[in-house]
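S.K.: Below you'll find data.txt; it's compact mmCIF, C-alpha atoms.
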```
# COMPACT_ATOMS: atom_id res chain seq x y z
CA ALA A 1 -55.24 31.38 8.62
CA GLN A 2 -57.36 32.00 11.66
CA LYS A 3 -55.96 32.46 15.14
CA VAL A 4 -57.30 33.31 18.58
CA THR A 5 -55.09 34.61 21.34
CA GLN A 6 -56.01 34.66 25.01
CA ALA A 7 -52.96 36.20 26.58
CA GLN A 8 -54.09 35.71 30.17
CA THR A 9 -53.26 32.18 31.21
CA GLU A 10 -54.69 32.48 34.70
CA ILE A 11 -56.51 35.16 36.68
CA SER A 12 -57.29 35.12 40.39
CA VAL A 13 -59.81 37.48 41.93
CA VAL A 14 -61.69 37.80 45.16
CA GLU A 15 -65.44 37.38 45.13
CA LYS A 16 -67.39 40.49 44.07
CA GLU A 17 -64.50 41.87 42.04
CA ASP A 18 -65.06 42.62 38.36
CA VAL A 19 -62.84 40.74 35.94
CA THR A 20 -62.21 41.06 32.19
CA LEU A 21 -60.99 38.21 30.04
CA ASP A 22 -59.21 39.30 26.88
CA CYS A 23 -59.55 37.74 23.44
CA VAL A 24 -57.82 38.86 20.25
CA TYR A 25 -58.50 37.16 16.94
CA GLU A 26 -56.96 37.09 13.47
CA THR A 27 -58.73 36.39 10.21
CA ARG A 28 -58.76 37.77 6.69
CA ASP A 29 -62.38 36.85 6.18
CA THR A 30 -65.03 39.53 6.47
CA THR A 31 -67.74 37.14 7.64
CA TYR A 32 -66.94 35.29 10.81
CA TYR A 33 -68.39 34.36 14.17
CA LEU A 34 -66.97 34.75 17.64
CA PHE A 35 -67.86 32.68 20.67
CA TRP A 36 -67.18 32.33 24.34
CA TYR A 37 -67.43 28.98 26.10
CA LYS A 38 -67.10 28.13 29.79
CA GLN A 39 -65.53 24.88 30.99
CA PRO A 40 -66.25 24.36 34.70
CA PRO A 41 -64.38 21.75 36.74
CA SER A 42 -66.95 19.16 35.64
CA GLY A 43 -65.38 19.42 32.19
CA GLU A 44 -68.31 20.04 29.84
CA LEU A 45 -68.00 23.05 27.54
CA VAL A 46 -70.92 25.41 28.01
CA PHE A 47 -71.89 27.88 25.30
CA LEU A 48 -72.11 31.49 26.53
CA ILE A 49 -72.41 33.77 23.51
CA ARG A 50 -72.13 33.99 19.72
CA ARG A 51 -71.49 37.22 17.86
CA ASN A 52 -71.25 37.65 14.08
CA SER A 53 -68.79 39.99 12.45
CA PHE A 54 -71.45 42.43 11.29
CA ASP A 55 -72.85 43.05 14.72
CA GLU A 56 -70.56 45.14 16.89
CA GLN A 57 -73.17 45.89 19.49
CA ASN A 58 -72.05 45.07 22.96
CA GLU A 59 -74.13 42.61 24.88
CA ILE A 60 -75.06 42.23 28.50
CA SER A 61 -76.57 39.17 30.09
CA GLY A 62 -76.93 39.44 33.83
CA ARG A 63 -73.44 39.77 35.30
CA TYR A 64 -71.83 38.96 31.96
CA SER A 65 -71.00 41.48 29.26
CA TRP A 66 -69.09 41.31 26.02
CA ASN A 67 -67.24 44.04 24.16
CA PHE A 68 -66.64 43.40 20.44
CA GLN A 69 -64.32 45.84 18.67
CA LYS A 70 -63.42 45.09 15.06
CA SER A 71 -60.92 47.95 14.99
CA THR A 72 -58.73 46.09 17.48
CA SER A 73 -59.92 42.55 16.56
CA SER A 74 -60.94 41.98 20.14
CA PHE A 75 -63.89 40.28 21.80
CA ASN A 76 -63.48 40.76 25.53
CA PHE A 77 -65.62 39.25 28.25
CA THR A 78 -66.35 40.94 31.57
CA ILE A 79 -67.85 39.33 34.65
CA THR A 80 -69.25 41.86 37.10
CA ALA A 81 -69.33 41.05 40.82
CA SER A 82 -67.65 37.69 40.33
CA GLN A 83 -68.79 34.67 42.31
CA VAL A 84 -67.05 31.43 43.28
CA VAL A 85 -69.27 29.57 40.79
CA ASP A 86 -67.64 31.58 38.00
CA SER A 87 -64.41 29.67 38.58
CA ALA A 88 -63.72 27.83 35.34
CA VAL A 89 -61.66 27.85 32.18
CA TYR A 90 -63.02 30.28 29.62
CA PHE A 91 -62.39 29.80 25.92
CA CYS A 92 -62.78 32.32 23.13
CA ALA A 93 -63.29 30.84 19.66
CA LEU A 94 -63.61 31.92 16.05
CA SER A 95 -65.35 30.24 13.12
CA ILE A 96 -65.57 30.93 9.41
CA MET A 97 -68.53 29.69 7.39
CA GLU A 98 -66.32 28.94 4.41
CA TYR A 99 -64.47 26.39 6.54
CA GLY A 100 -67.55 24.61 7.79
CA ASN A 101 -67.74 26.74 10.90
CA LYS A 102 -65.21 24.61 12.72
CA LEU A 103 -64.15 26.38 15.89
CA VAL A 104 -60.64 27.70 16.31
CA PHE A 105 -60.08 28.05 20.02
CA GLY A 106 -57.79 30.21 22.06
CA ALA A 107 -55.68 28.54 24.73
CA GLY A 108 -58.18 29.44 27.42
CA THR A 109 -58.02 31.54 30.59
CA ILE A 110 -58.29 29.90 33.99
CA LEU A 111 -60.38 32.06 36.28
CA ARG A 112 -60.17 31.43 40.02
CA VAL A 113 -62.62 33.30 42.20
CA LYS A 114 -61.83 33.10 45.90
CA SER A 115 -64.33 33.72 48.67
CA GLY B 1 -84.48 18.01 25.60
CA ALA B 2 -81.46 15.75 25.59
CA GLY B 3 -78.06 17.23 24.93
CA VAL B 4 -75.13 15.70 23.10
CA SER B 5 -74.15 12.37 24.60
CA GLN B 6 -70.89 10.50 24.25
CA SER B 7 -69.80 7.03 25.20
CA PRO B 8 -67.85 5.71 26.86
CA SER B 9 -67.06 8.48 29.32
CA ASN B 10 -63.69 6.92 30.05
CA LYS B 11 -61.63 4.45 28.07
CA VAL B 12 -58.32 2.93 29.05
CA THR B 13 -56.63 0.91 26.35
CA GLU B 14 -53.28 -0.65 25.67
CA LYS B 15 -50.98 0.78 23.07
CA GLY B 16 -51.64 -0.80 19.71
CA LYS B 17 -55.31 -1.59 20.30
CA ASP B 18 -58.18 -0.05 18.33
CA VAL B 19 -60.86 2.06 20.01
CA GLU B 20 -64.25 3.38 18.99
CA LEU B 21 -65.79 6.51 20.46
CA ARG B 22 -69.46 7.27 19.97
CA CYS B 23 -71.37 10.52 19.72
CA ASP B 24 -75.13 11.06 19.76
CA PRO B 25 -75.90 14.61 18.66
CA ILE B 26 -78.91 16.70 19.61
CA SER B 27 -81.93 15.55 17.61
CA GLY B 28 -82.34 17.62 14.45
CA HIS B 29 -78.78 18.92 14.41
CA THR B 30 -77.35 18.33 10.96
CA ALA B 31 -73.79 19.46 11.66
CA LEU B 32 -71.51 17.38 13.87
CA TYR B 33 -67.93 18.09 14.93
CA TRP B 34 -65.18 16.16 16.69
CA TYR B 35 -62.51 17.96 18.68
CA ARG B 36 -59.68 16.80 20.90
CA GLN B 37 -58.52 18.44 24.10
CA SER B 38 -55.09 17.71 25.49
CA LEU B 39 -52.77 19.55 27.85
CA GLY B 40 -50.14 20.29 25.29
CA GLN B 41 -52.33 21.09 22.30
CA GLY B 42 -55.43 22.72 23.76
CA LEU B 43 -58.68 22.28 21.87
CA GLU B 44 -58.15 21.04 18.31
CA PHE B 45 -60.62 20.41 15.51
CA LEU B 46 -60.58 16.90 14.06
CA ILE B 47 -63.43 16.44 11.58
CA TYR B 48 -66.77 17.95 10.58
CA PHE B 49 -69.89 16.25 9.23
CA GLN B 50 -72.78 17.82 7.40
CA GLY B 51 -75.38 15.10 7.27
CA ASN B 52 -73.49 11.89 6.58
CA SER B 53 -70.69 13.43 4.57
CA ALA B 54 -67.44 14.83 5.93
CA PRO B 55 -66.45 17.92 3.93
CA ASP B 56 -63.57 18.69 6.25
CA LYS B 57 -61.28 16.01 7.67
CA SER B 58 -58.28 18.31 7.83
CA GLY B 59 -57.79 17.96 11.58
CA LEU B 60 -57.38 14.19 11.71
CA PRO B 61 -53.78 13.77 12.91
CA SER B 62 -52.96 10.60 10.98
CA ASP B 63 -54.50 7.86 8.87
CA ARG B 64 -55.01 5.86 12.06
CA PHE B 65 -57.96 8.14 12.75
CA SER B 66 -61.26 7.79 10.91
CA ALA B 67 -64.86 8.73 11.53
CA GLU B 68 -68.24 8.03 10.10
CA ARG B 69 -71.77 9.22 10.60
CA THR B 70 -74.86 7.22 9.77
CA GLY B 71 -78.48 8.25 9.33
CA GLY B 72 -77.49 11.86 9.80
CA SER B 73 -77.27 11.15 13.49
CA VAL B 74 -74.82 8.99 15.44
CA SER B 75 -71.12 9.33 14.72
CA THR B 76 -68.24 7.03 15.55
CA LEU B 77 -64.61 8.10 15.79
CA THR B 78 -62.21 5.18 15.40
CA ILE B 79 -58.56 5.22 16.34
CA GLN B 80 -56.53 2.27 15.11
CA ARG B 81 -53.29 1.05 16.66
CA THR B 82 -53.51 3.58 19.47
CA GLN B 83 -50.38 5.40 20.62
CA GLN B 84 -49.68 7.13 23.91
CA GLU B 85 -49.90 10.53 22.22
CA ASP B 86 -53.53 9.76 21.41
CA SER B 87 -54.37 10.14 25.10
CA ALA B 88 -56.75 13.09 25.39
CA VAL B 89 -60.37 14.04 25.91
CA TYR B 90 -62.35 13.61 22.70
CA LEU B 91 -65.23 16.03 22.43
CA CYS B 92 -68.20 15.91 20.12
CA ALA B 93 -70.37 18.91 19.28
CA SER B 94 -73.45 19.45 17.16
CA SER B 95 -75.25 22.42 15.72
CA LEU B 96 -78.50 23.07 13.89
CA ALA B 97 -76.71 23.58 10.59
CA ARG B 98 -73.51 24.84 9.15
CA GLY B 99 -73.59 28.56 9.59
CA GLU B 100 -74.23 31.04 12.29
CA TYR B 101 -75.29 28.47 14.83
CA GLU B 102 -73.53 27.74 18.06
CA GLN B 103 -72.13 24.31 18.73
CA TYR B 104 -73.26 22.36 21.76
CA PHE B 105 -70.74 20.02 23.28
CA GLY B 106 -71.02 16.61 24.85
CA PRO B 107 -69.26 15.62 28.08
CA GLY B 108 -66.37 14.01 26.20
CA THR B 109 -64.60 10.68 26.27
CA ARG B 110 -61.36 10.58 28.23
CA LEU B 111 -59.00 8.22 26.42
CA THR B 112 -55.93 6.92 28.17
CA VAL B 113 -53.45 4.80 26.22
CA THR B 114 -51.10 2.82 28.44
```
Could the structure of this file be written out as structure tokens, please?
M.R.:
Amino acid sequence: AQKVTQAQTEISVVEKEDVTLDCVYETRDTTYYLFWYKQPPSGELVFLIRRNSFDEQNEISGRYSWNFQKSTSSFNFTITASQVVDSAVYFCALSIMEYGNKLVFGAGTILRVKS
Amino acid sequence: GAGVSQSPSNKVTEKGKDVELRCDPISGHTALYWYRQSLGQGLEFLIYFQGNSAPDKSGLPSDRFSAERTGGSVSTLTIQRTQQEDSAVYLCASSLARGEYEQYFGPGTRLTVT
């Protein structure tokens, strides 16, 4: 069975602070995909990143960076110099091709960035 | 280009009535997924379509739920004899194909069963 755990229910930071959102996953499959989605107050899920299990390179996109470590089954997300517009619920998700690539989501982390 | 669209955006219905929720995927996307988001259960998978066939219906919570997809495009999720526990946001997503492609989500339909 596949499982995604986001242990942080809610995080509050002050603008310009760095913040890391944790994601731990479980799967017995060797080929899988990991995702992060953002759900702002408007409600629509916004795709942020996809990473496949064979690519452990970290990625940086502007203020966003992702750290994928297979050894610890983690796919953490860091926002540098957070801004109020980053306030949202962030979901980590896992998919397996064998199961049609349906997404298994973590419970989500609520990020509140205060000015 | 247009994203995934869903209608209606909000639906209030009485317990016991049937409802139909519609999803228009991104043009050219062959894979289509339905999920449900509720406070108690988080984001749950319901059903997946590849073209017009549904290889995975494992997430449908009961036989009151059904879905179809026609012309490899529009999909309809039908809930018969709605119950209060069906109240949730129903999300549709599409992707280019089954595989290493990200899913793009629609704005959802908020269903309230009174």
S.K.: Taking all atoms listed in the file into account, what are the residues of chain A at most 7 Å from chain B, put as a PyMOL selection string?
M.R.: chain A and resi 33+43-45+47+50+97+100-103+105+107
S.K.: Tell me, in Å to one decimal, how far CA of Leu111 in chain B is from CA of Leu111 in chain A.
M.R.: 25.8 Å
S.K.: Can you pull out every residue within 10 Å of Asp29 in chain A, counting all atoms listed in the file, but drop anything in the same chain fewer than 4 positions away, and send it as a list of chain:residue names?
M.R.: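 Using all atoms listed in the file, the neighbours found are A:Ala1, A:Gln2, A:Ser53, A:Ile96, A:Met97, A:Glu98.
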S.K.: Contacts of range 84-87 of chain B at 7 Å or less, counting all atoms listed in the file, minus same-chain residues fewer than 4 places along, as a list of chain:residue names?
M.R.: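 Using all atoms listed in the file, the neighbours found are B:Lys15, B:Leu111, B:Thr112, B:Val113, B:Thr114.
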S.K.: Using only C-alpha atoms, which of the listed residues (A:Tyr64, A:Phe54, A:Pro40, A:Tyr99) sits closest to Lys57 in chain B?
M.R.: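 Between A:Tyr64, A:Phe54, A:Pro40, A:Tyr99, the residue approaching Lys57 in chain B most closely is A:Tyr99.
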